[in-house]
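Asker: This is the content of my_file08.cif (mmCIF, N, CA and C atoms):
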data_input
loop_
_atom_site.label_atom_id
_atom_site.label_comp_id
_atom_site.auth_asym_id
_atom_site.auth_seq_id
_atom_site.Cartn_x
_atom_site.Cartn_y
_atom_site.Cartn_z
N MET A 266 0.80 -1.20 0.00
CA MET A 266 0.00 0.00 0.00
C MET A 266 0.84 1.27 0.00
N SER A 267 2.11 1.14 0.28
CA SER A 267 2.95 2.32 0.32
C SER A 267 3.06 2.90 -1.08
N GLY A 268 3.06 4.22 -1.14
CA GLY A 268 3.14 4.89 -2.42
C GLY A 268 1.79 5.12 -3.07
N GLN A 269 0.74 4.47 -2.57
CA GLN A 269 -0.59 4.68 -3.14
C GLN A 269 -1.30 5.77 -2.35
N GLN A 270 -2.09 6.54 -3.06
CA GLN A 270 -2.90 7.56 -2.39
C GLN A 270 -4.17 6.92 -1.88
N ASN A 271 -4.67 7.45 -0.80
CA ASN A 271 -5.93 6.96 -0.25
C ASN A 271 -7.07 7.59 -1.04
N ASN A 272 -7.67 6.82 -1.93
CA ASN A 272 -8.75 7.32 -2.79
C ASN A 272 -10.10 6.97 -2.19
N ARG A 273 -10.38 7.49 -1.02
CA ARG A 273 -11.67 7.23 -0.38
C ARG A 273 -12.77 7.98 -1.08
N VAL A 274 -13.82 7.28 -1.38
CA VAL A 274 -14.99 7.91 -2.00
C VAL A 274 -15.87 8.42 -0.87
N PRO A 275 -16.24 9.71 -0.90
CA PRO A 275 -17.11 10.22 0.16
C PRO A 275 -18.45 9.49 0.15
N SER A 276 -18.92 9.19 1.32
CA SER A 276 -20.16 8.43 1.44
C SER A 276 -21.36 9.26 1.01
N ARG A 277 -22.25 8.61 0.25
CA ARG A 277 -23.50 9.26 -0.13
C ARG A 277 -24.51 9.17 0.99
N LEU A 278 -24.38 8.14 1.84
CA LEU A 278 -25.33 7.94 2.92
C LEU A 278 -24.79 8.58 4.19
N LEU A 279 -25.66 9.33 4.84
CA LEU A 279 -25.27 10.04 6.07
C LEU A 279 -26.02 9.47 7.26
N THR A 280 -25.40 9.52 8.41
CA THR A 280 -26.09 9.16 9.65
C THR A 280 -27.07 10.27 9.99
N VAL A 281 -27.92 10.03 10.96
CA VAL A 281 -28.88 11.05 11.39
C VAL A 281 -28.13 12.27 11.91
N THR A 282 -27.05 12.04 12.65
CA THR A 282 -26.25 13.16 13.17
C THR A 282 -25.67 13.99 12.04
N GLU A 283 -25.10 13.33 11.03
CA GLU A 283 -24.54 14.04 9.88
C GLU A 283 -25.63 14.76 9.10
N ALA A 284 -26.79 14.13 8.94
CA ALA A 284 -27.90 14.77 8.24
C ALA A 284 -28.37 16.01 8.98
N ALA A 285 -28.42 15.94 10.31
CA ALA A 285 -28.82 17.09 11.12
C ALA A 285 -27.83 18.24 10.93
N GLN A 286 -26.55 17.93 10.90
CA GLN A 286 -25.54 18.97 10.66
C GLN A 286 -25.69 19.54 9.26
N PHE A 287 -25.95 18.68 8.28
CA PHE A 287 -26.12 19.11 6.90
C PHE A 287 -27.31 20.06 6.77
N LEU A 288 -28.41 19.75 7.46
CA LEU A 288 -29.62 20.57 7.40
C LEU A 288 -29.59 21.74 8.37
N GLY A 289 -28.68 21.70 9.33
CA GLY A 289 -28.61 22.77 10.33
C GLY A 289 -29.75 22.69 11.34
N CYS A 290 -30.11 21.47 11.72
CA CYS A 290 -31.18 21.30 12.69
C CYS A 290 -30.78 20.22 13.70
N SER A 291 -31.70 19.88 14.57
CA SER A 291 -31.40 18.87 15.58
C SER A 291 -31.67 17.47 15.03
N GLU A 292 -31.10 16.49 15.70
CA GLU A 292 -31.36 15.09 15.33
C GLU A 292 -32.84 14.76 15.53
N THR A 293 -33.46 15.36 16.55
CA THR A 293 -34.88 15.14 16.80
C THR A 293 -35.71 15.59 15.60
N ASN A 294 -35.34 16.72 15.00
CA ASN A 294 -36.05 17.18 13.80
C ASN A 294 -35.89 16.20 12.65
N VAL A 295 -34.70 15.65 12.49
CA VAL A 295 -34.48 14.69 11.41
C VAL A 295 -35.34 13.46 11.63
N TYR A 296 -35.37 12.95 12.88
CA TYR A 296 -36.23 11.79 13.18
C TYR A 296 -37.69 12.11 12.91
N ALA A 297 -38.13 13.33 13.24
CA ALA A 297 -39.52 13.72 13.00
C ALA A 297 -39.82 13.78 11.51
N LEU A 298 -38.87 14.28 10.71
CA LEU A 298 -39.05 14.35 9.26
C LEU A 298 -39.09 12.94 8.65
N ILE A 299 -38.33 12.02 9.22
CA ILE A 299 -38.37 10.63 8.77
C ILE A 299 -39.73 10.03 9.11
N GLU A 300 -40.18 10.23 10.34
CA GLU A 300 -41.45 9.64 10.81
C GLU A 300 -42.64 10.13 10.01
N CYS A 301 -42.65 11.41 9.63
CA CYS A 301 -43.80 11.94 8.89
C CYS A 301 -43.69 11.70 7.39
N GLY A 302 -42.58 11.09 6.93
CA GLY A 302 -42.45 10.73 5.53
C GLY A 302 -41.83 11.79 4.65
N ASP A 303 -41.34 12.89 5.23
CA ASP A 303 -40.73 13.94 4.42
C ASP A 303 -39.32 13.59 3.96
N LEU A 304 -38.63 12.72 4.70
CA LEU A 304 -37.28 12.31 4.33
C LEU A 304 -37.23 10.80 4.13
N PRO A 305 -36.88 10.35 2.94
CA PRO A 305 -36.69 8.92 2.74
C PRO A 305 -35.42 8.47 3.45
N PHE A 306 -35.39 7.21 3.84
CA PHE A 306 -34.23 6.71 4.58
C PHE A 306 -33.92 5.28 4.18
N VAL A 307 -32.74 4.86 4.56
CA VAL A 307 -32.31 3.48 4.39
C VAL A 307 -32.10 2.93 5.79
N SER A 308 -32.68 1.78 6.07
CA SER A 308 -32.52 1.17 7.38
C SER A 308 -31.31 0.23 7.32
N ILE A 309 -30.39 0.41 8.25
CA ILE A 309 -29.17 -0.40 8.30
C ILE A 309 -29.22 -1.24 9.56
N GLY A 310 -29.64 -2.46 9.45
CA GLY A 310 -29.67 -3.36 10.60
C GLY A 310 -30.58 -2.86 11.71
N ARG A 311 -30.47 -3.50 12.85
CA ARG A 311 -31.29 -3.09 14.00
C ARG A 311 -30.62 -2.00 14.82
N ARG A 312 -29.34 -2.09 14.97
CA ARG A 312 -28.64 -1.15 15.85
C ARG A 312 -28.03 0.04 15.14
N LYS A 313 -27.75 -0.11 13.88
CA LYS A 313 -27.08 0.98 13.17
C LYS A 313 -28.02 2.12 12.82
N GLY A 314 -29.32 1.86 12.79
CA GLY A 314 -30.28 2.93 12.59
C GLY A 314 -30.48 3.32 11.14
N TYR A 315 -30.81 4.58 10.94
CA TYR A 315 -31.15 5.11 9.63
C TYR A 315 -29.93 5.71 8.94
N ARG A 316 -29.97 5.66 7.63
CA ARG A 316 -29.01 6.40 6.81
C ARG A 316 -29.84 7.20 5.81
N LEU A 317 -29.37 8.40 5.51
CA LEU A 317 -30.08 9.29 4.60
C LEU A 317 -29.17 9.65 3.44
N ASP A 318 -29.74 9.59 2.25
CA ASP A 318 -29.00 9.89 1.04
C ASP A 318 -28.83 11.41 0.91
N ARG A 319 -27.60 11.83 0.67
CA ARG A 319 -27.30 13.26 0.53
C ARG A 319 -28.16 13.90 -0.56
N MET A 320 -28.41 13.17 -1.63
CA MET A 320 -29.22 13.72 -2.73
C MET A 320 -30.67 13.94 -2.27
N ASP A 321 -31.19 13.05 -1.42
CA ASP A 321 -32.54 13.24 -0.88
C ASP A 321 -32.61 14.46 0.02
N LEU A 322 -31.54 14.70 0.78
CA LEU A 322 -31.50 15.90 1.64
C LEU A 322 -31.49 17.17 0.79
N GLU A 323 -30.73 17.15 -0.31
CA GLU A 323 -30.70 18.31 -1.20
C GLU A 323 -32.05 18.52 -1.86
N ALA A 324 -32.72 17.43 -2.24
CA ALA A 324 -34.07 17.55 -2.83
C ALA A 324 -35.06 18.10 -1.81
N PHE A 325 -34.93 17.67 -0.56
CA PHE A 325 -35.79 18.18 0.52
C PHE A 325 -35.59 19.69 0.67
N ILE A 326 -34.35 20.12 0.65
CA ILE A 326 -34.05 21.56 0.76
C ILE A 326 -34.68 22.31 -0.41
N ASP A 327 -34.54 21.78 -1.62
CA ASP A 327 -35.12 22.43 -2.80
C ASP A 327 -36.64 22.54 -2.69
N ARG A 328 -37.28 21.49 -2.16
CA ARG A 328 -38.75 21.52 -2.00
C ARG A 328 -39.18 22.55 -0.96
N ARG A 329 -38.34 22.81 0.02
CA ARG A 329 -38.70 23.71 1.10
C ARG A 329 -38.33 25.17 0.84
N LYS A 330 -37.60 25.42 -0.23
CA LYS A 330 -37.20 26.80 -0.53
C LYS A 330 -38.42 27.64 -0.86
N GLN A 331 -38.43 28.85 -0.32
CA GLN A 331 -39.54 29.77 -0.55
C GLN A 331 -38.98 31.16 -0.78
N SER A 332 -39.72 31.95 -1.52
CA SER A 332 -39.33 33.35 -1.67
C SER A 332 -40.06 34.15 -0.60
N LYS A 333 -39.56 35.30 -0.29
CA LYS A 333 -40.13 36.12 0.78
C LYS A 333 -41.56 36.53 0.47
N ALA A 334 -41.90 36.72 -0.79
CA ALA A 334 -43.24 37.19 -1.16
C ALA A 334 -44.32 36.16 -0.83
N VAL A 335 -43.99 34.87 -0.92
CA VAL A 335 -44.99 33.85 -0.67
C VAL A 335 -44.68 33.02 0.58
N ALA A 336 -43.67 33.46 1.31
CA ALA A 336 -43.28 32.68 2.49
C ALA A 336 -44.36 32.75 3.56
N SER A 337 -44.74 31.61 4.02
CA SER A 337 -45.66 31.55 5.14
C SER A 337 -45.06 30.59 6.17
N PRO A 338 -45.18 30.95 7.42
CA PRO A 338 -44.57 30.09 8.42
C PRO A 338 -45.26 28.73 8.45
N THR A 339 -44.45 27.69 8.40
CA THR A 339 -44.98 26.35 8.48
C THR A 339 -44.40 25.69 9.71
N LYS A 340 -45.23 24.93 10.37
CA LYS A 340 -44.78 24.26 11.58
C LYS A 340 -44.09 22.95 11.23
N MET A 341 -42.99 22.71 11.89
CA MET A 341 -42.31 21.44 11.75
C MET A 341 -43.11 20.40 12.54
N PRO A 342 -43.15 19.19 12.06
CA PRO A 342 -43.89 18.16 12.80
C PRO A 342 -43.23 17.90 14.14
N ARG A 343 -44.05 17.75 15.16
CA ARG A 343 -43.51 17.44 16.49
C ARG A 343 -43.21 15.96 16.57
N PRO A 344 -42.02 15.62 17.03
CA PRO A 344 -41.67 14.20 17.10
C PRO A 344 -42.44 13.50 18.20
N LYS A 345 -42.72 12.24 17.96
CA LYS A 345 -43.31 11.41 19.00
C LYS A 345 -42.16 10.82 19.79
N LEU A 346 -42.05 11.20 21.01
CA LEU A 346 -40.93 10.75 21.84
C LEU A 346 -41.29 9.43 22.49
N LYS A 347 -41.09 8.36 21.73
CA LYS A 347 -41.45 7.03 22.21
C LYS A 347 -40.51 6.54 23.30
N HIS A 348 -39.31 7.08 23.33
CA HIS A 348 -38.33 6.59 24.30
C HIS A 348 -38.50 7.19 25.69
N ILE A 349 -39.40 8.17 25.83
CA ILE A 349 -39.63 8.78 27.14
C ILE A 349 -40.93 8.22 27.70
N ARG A 350 -40.85 7.68 28.88
CA ARG A 350 -42.03 7.10 29.50
C ARG A 350 -42.31 7.88 30.78
N LEU A 351 -43.50 8.42 30.90
CA LEU A 351 -43.91 9.13 32.09
C LEU A 351 -44.83 8.22 32.90
N ASP A 352 -44.43 7.90 34.10
CA ASP A 352 -45.26 7.02 34.95
C ASP A 352 -45.92 7.82 36.05
#
Kindly return the structure encoded in the file as structure tokens.
Answerer:
Amino acid sequence: MSGQQNNRVPSRLLTVTEAAQFLGCSETNVYALIECGDLPFVSIGRRKGYRLDRMDLEAFIDRRKQSKAVASPTKMPRPKLKHIRLD
């Protein structure tokens, strides 16, 4: 391997954390967008969780772009916090 350059191909699939950084939002928002069907995902095993395609994130951004003249505030879906149990 000496003398060879590391030709790593950047991953097209992002973790939820990476997708949140890409979108500039919280991981909770990304999970909520997945749950309501706004973001397609790839399921990787049971423990590895979701992966999101960078191209799908860019398409989501394009769909959400608005001009100031027609911009109306839209509410983000509230996530269902299944992992919190109140007794």
Asker: Provide the atom CA of Leu298 of chain A to atom N of Gln331 of chain A distance in Å, to one decimal place.
Answerer: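 Straight-line distance from atom CA of Leu298 of chain A to atom N of Gln331 of chain A works out to 17.4 Å.
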Asker: Which residues fall under the PyMOL selection byres ((chain A and resi 320-327) around 7) in this file, as a list in words?
Answerer: Arg277, Asp303, Leu304, Pro305, Leu317, Asp318, Arg319, Arg328, Arg329, Lys330 and Gln331 of chain A
Asker: Give me, as a list in words, the residues of segment 269-334 of chain A that a backbone DSSP run labels alpha helix (DSSP H).
Answerer: Val281, Thr282, Glu283, Ala284, Ala285, Gln286, Phe287, Leu288, Glu292, Thr293, Asn294, Val295, Tyr296, Ala297, Leu298, Ile299, Glu300, Arg319, Met320, Asp321, Leu322, Glu323, Ala324, Phe325, Ile326, Asp327, Arg328 and Arg329 of chain A
Asker: To one decimal in Å, tell me the separation between atom CA of Asn294 of chain A and atom CA of Val281 of chain A.
Answerer: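 Between these atoms lies a distance of 9.7 Å.
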Asker: Return the padded bounding box of segment 309-318 of chain A as JSON: axis-aligned, built from all atoms listed in the file, 3 Å added on each side, with centre and edge lengths in Å to one decimal.
Answerer:
{"center_x": -29.2, "center_y": 4.0, "center_z": 8.4, "size_x": 10.2, "size_y": 20.9, "size_z": 20.9}
Asker: On this structure, which residues satisfy the PyMOL selection byres (((chain A and resi 285 and name CA) around 12) and name CA), written as a ChimeraX atom specification?
Answerer: /A:279-284,286-299,304,316-317,319,322
Asker: May I ask for the distance between atom C of Pro342 of chain A and atom C of Phe306 of chain A, given in Å to one decimal place?
Answerer: 18.6 Å
Asker: Show me that you can extract segment 284-311 of chain A, keeping N, CA, C and O atoms, and write it as a PDB file, in the first residue's frame.
Answerer:
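Output file out.pdb follows:
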ATOM      1  N   ALA A 284     -26.786  14.133   8.944  1.00  0.00           N
ATOM      2  CA  ALA A 284     -27.900  14.771   8.236  1.00  0.00           C
ATOM      3  C   ALA A 284     -28.373  16.012   8.984  1.00  0.00           C
ATOM      4  O   ALA A 284     -28.678  17.033   8.364  1.00  0.00           O
ATOM      5  N   ALA A 285     -28.422  15.935  10.314  1.00  0.00           N
ATOM      6  CA  ALA A 285     -28.822  17.094  11.116  1.00  0.00           C
ATOM      7  C   ALA A 285     -27.833  18.244  10.925  1.00  0.00           C
ATOM      8  O   ALA A 285     -28.235  19.403  10.777  1.00  0.00           O
ATOM      9  N   GLN A 286     -26.551  17.932  10.901  1.00  0.00           N
ATOM     10  CA  GLN A 286     -25.542  18.966  10.661  1.00  0.00           C
ATOM     11  C   GLN A 286     -25.689  19.540   9.259  1.00  0.00           C
ATOM     12  O   GLN A 286     -25.582  20.754   9.067  1.00  0.00           O
ATOM     13  N   PHE A 287     -25.949  18.677   8.284  1.00  0.00           N
ATOM     14  CA  PHE A 287     -26.124  19.110   6.903  1.00  0.00           C
ATOM     15  C   PHE A 287     -27.311  20.065   6.768  1.00  0.00           C
ATOM     16  O   PHE A 287     -27.239  21.066   6.072  1.00  0.00           O
ATOM     17  N   LEU A 288     -28.411  19.750   7.465  1.00  0.00           N
ATOM     18  CA  LEU A 288     -29.623  20.574   7.397  1.00  0.00           C
ATOM     19  C   LEU A 288     -29.595  21.743   8.372  1.00  0.00           C
ATOM     20  O   LEU A 288     -30.426  22.645   8.280  1.00  0.00           O
ATOM     21  N   GLY A 289     -28.680  21.696   9.335  1.00  0.00           N
ATOM     22  CA  GLY A 289     -28.610  22.771  10.335  1.00  0.00           C
ATOM     23  C   GLY A 289     -29.745  22.693  11.337  1.00  0.00           C
ATOM     24  O   GLY A 289     -30.309  23.717  11.717  1.00  0.00           O
ATOM     25  N   CYS A 290     -30.110  21.474  11.724  1.00  0.00           N
ATOM     26  CA  CYS A 290     -31.184  21.297  12.693  1.00  0.00           C
ATOM     27  C   CYS A 290     -30.783  20.221  13.696  1.00  0.00           C
ATOM     28  O   CYS A 290     -29.672  19.695  13.639  1.00  0.00           O
ATOM     29  N   SER A 291     -31.697  19.884  14.573  1.00  0.00           N
ATOM     30  CA  SER A 291     -31.402  18.872  15.585  1.00  0.00           C
ATOM     31  C   SER A 291     -31.665  17.472  15.031  1.00  0.00           C
ATOM     32  O   SER A 291     -32.377  17.298  14.044  1.00  0.00           O
ATOM     33  N   GLU A 292     -31.101  16.485  15.697  1.00  0.00           N
ATOM     34  CA  GLU A 292     -31.361  15.092  15.334  1.00  0.00           C
ATOM     35  C   GLU A 292     -32.844  14.761  15.528  1.00  0.00           C
ATOM     36  O   GLU A 292     -33.421  14.004  14.745  1.00  0.00           O
ATOM     37  N   THR A 293     -33.456  15.357  16.545  1.00  0.00           N
ATOM     38  CA  THR A 293     -34.883  15.140  16.798  1.00  0.00           C
ATOM     39  C   THR A 293     -35.709  15.586  15.601  1.00  0.00           C
ATOM     40  O   THR A 293     -36.671  14.916  15.216  1.00  0.00           O
ATOM     41  N   ASN A 294     -35.343  16.715  14.997  1.00  0.00           N
ATOM     42  CA  ASN A 294     -36.050  17.183  13.803  1.00  0.00           C
ATOM     43  C   ASN A 294     -35.894  16.199  12.651  1.00  0.00           C
ATOM     44  O   ASN A 294     -36.844  15.958  11.914  1.00  0.00           O
ATOM     45  N   VAL A 295     -34.698  15.653  12.490  1.00  0.00           N
ATOM     46  CA  VAL A 295     -34.476  14.692  11.413  1.00  0.00           C
ATOM     47  C   VAL A 295     -35.339  13.459  11.634  1.00  0.00           C
ATOM     48  O   VAL A 295     -35.995  12.978  10.706  1.00  0.00           O
ATOM     49  N   TYR A 296     -35.370  12.948  12.879  1.00  0.00           N
ATOM     50  CA  TYR A 296     -36.226  11.793  13.175  1.00  0.00           C
ATOM     51  C   TYR A 296     -37.694  12.114  12.906  1.00  0.00           C
ATOM     52  O   TYR A 296     -38.437  11.281  12.376  1.00  0.00           O
ATOM     53  N   ALA A 297     -38.130  13.326  13.242  1.00  0.00           N
ATOM     54  CA  ALA A 297     -39.521  13.723  13.004  1.00  0.00           C
ATOM     55  C   ALA A 297     -39.819  13.776  11.505  1.00  0.00           C
ATOM     56  O   ALA A 297     -40.891  13.354  11.061  1.00  0.00           O
ATOM     57  N   LEU A 298     -38.868  14.279  10.712  1.00  0.00           N
ATOM     58  CA  LEU A 298     -39.048  14.347   9.262  1.00  0.00           C
ATOM     59  C   LEU A 298     -39.091  12.945   8.653  1.00  0.00           C
ATOM     60  O   LEU A 298     -39.818  12.698   7.690  1.00  0.00           O
ATOM     61  N   ILE A 299     -38.329  12.022   9.223  1.00  0.00           N
ATOM     62  CA  ILE A 299     -38.373  10.632   8.771  1.00  0.00           C
ATOM     63  C   ILE A 299     -39.731  10.030   9.106  1.00  0.00           C
ATOM     64  O   ILE A 299     -40.379   9.398   8.267  1.00  0.00           O
ATOM     65  N   GLU A 300     -40.178  10.228  10.344  1.00  0.00           N
ATOM     66  CA  GLU A 300     -41.446   9.644  10.808  1.00  0.00           C
ATOM     67  C   GLU A 300     -42.645  10.132  10.010  1.00  0.00           C
ATOM     68  O   GLU A 300     -43.560   9.370   9.731  1.00  0.00           O
ATOM     69  N   CYS A 301     -42.649  11.413   9.626  1.00  0.00           N
ATOM     70  CA  CYS A 301     -43.803  11.939   8.885  1.00  0.00           C
ATOM     71  C   CYS A 301     -43.689  11.700   7.386  1.00  0.00           C
ATOM     72  O   CYS A 301     -44.595  12.049   6.629  1.00  0.00           O
ATOM     73  N   GLY A 302     -42.582  11.089   6.934  1.00  0.00           N
ATOM     74  CA  GLY A 302     -42.448  10.732   5.530  1.00  0.00           C
ATOM     75  C   GLY A 302     -41.830  11.793   4.646  1.00  0.00           C
ATOM     76  O   GLY A 302     -41.792  11.632   3.425  1.00  0.00           O
ATOM     77  N   ASP A 303     -41.344  12.889   5.232  1.00  0.00           N
ATOM     78  CA  ASP A 303     -40.727  13.939   4.421  1.00  0.00           C
ATOM     79  C   ASP A 303     -39.317  13.588   3.962  1.00  0.00           C
ATOM     80  O   ASP A 303     -38.833  14.128   2.971  1.00  0.00           O
ATOM     81  N   LEU A 304     -38.633  12.721   4.702  1.00  0.00           N
ATOM     82  CA  LEU A 304     -37.281  12.307   4.330  1.00  0.00           C
ATOM     83  C   LEU A 304     -37.229  10.803   4.133  1.00  0.00           C
ATOM     84  O   LEU A 304     -37.484  10.051   5.076  1.00  0.00           O
ATOM     85  N   PRO A 305     -36.881  10.354   2.940  1.00  0.00           N
ATOM     86  CA  PRO A 305     -36.693   8.917   2.738  1.00  0.00           C
ATOM     87  C   PRO A 305     -35.418   8.468   3.449  1.00  0.00           C
ATOM     88  O   PRO A 305     -34.480   9.243   3.625  1.00  0.00           O
ATOM     89  N   PHE A 306     -35.385   7.210   3.839  1.00  0.00           N
ATOM     90  CA  PHE A 306     -34.232   6.712   4.583  1.00  0.00           C
ATOM     91  C   PHE A 306     -33.918   5.279   4.178  1.00  0.00           C
ATOM     92  O   PHE A 306     -34.728   4.604   3.546  1.00  0.00           O
ATOM     93  N   VAL A 307     -32.742   4.855   4.556  1.00  0.00           N
ATOM     94  CA  VAL A 307     -32.315   3.476   4.388  1.00  0.00           C
ATOM     95  C   VAL A 307     -32.105   2.928   5.785  1.00  0.00           C
ATOM     96  O   VAL A 307     -31.435   3.560   6.609  1.00  0.00           O
ATOM     97  N   SER A 308     -32.681   1.782   6.067  1.00  0.00           N
ATOM     98  CA  SER A 308     -32.517   1.165   7.376  1.00  0.00           C
ATOM     99  C   SER A 308     -31.315   0.228   7.318  1.00  0.00           C
ATOM    100  O   SER A 308     -31.221  -0.621   6.437  1.00  0.00           O
ATOM    101  N   ILE A 309     -30.392   0.406   8.251  1.00  0.00           N
ATOM    102  CA  ILE A 309     -29.174  -0.398   8.298  1.00  0.00           C
ATOM    103  C   ILE A 309     -29.221  -1.237   9.563  1.00  0.00           C
ATOM    104  O   ILE A 309     -28.907  -0.757  10.651  1.00  0.00           O
ATOM    105  N   GLY A 310     -29.639  -2.462   9.449  1.00  0.00           N
ATOM    106  CA  GLY A 310     -29.674  -3.357  10.602  1.00  0.00           C
ATOM    107  C   GLY A 310     -30.580  -2.858  11.710  1.00  0.00           C
ATOM    108  O   GLY A 310     -31.364  -1.936  11.539  1.00  0.00           O
ATOM    109  N   ARG A 311     -30.467  -3.495  12.851  1.00  0.00           N
ATOM    110  CA  ARG A 311     -31.286  -3.088  13.997  1.00  0.00           C
ATOM    111  C   ARG A 311     -30.622  -1.998  14.819  1.00  0.00           C
ATOM    112  O   ARG A 311     -31.271  -1.108  15.328  1.00  0.00           O
TER     113      ARG A 311
END
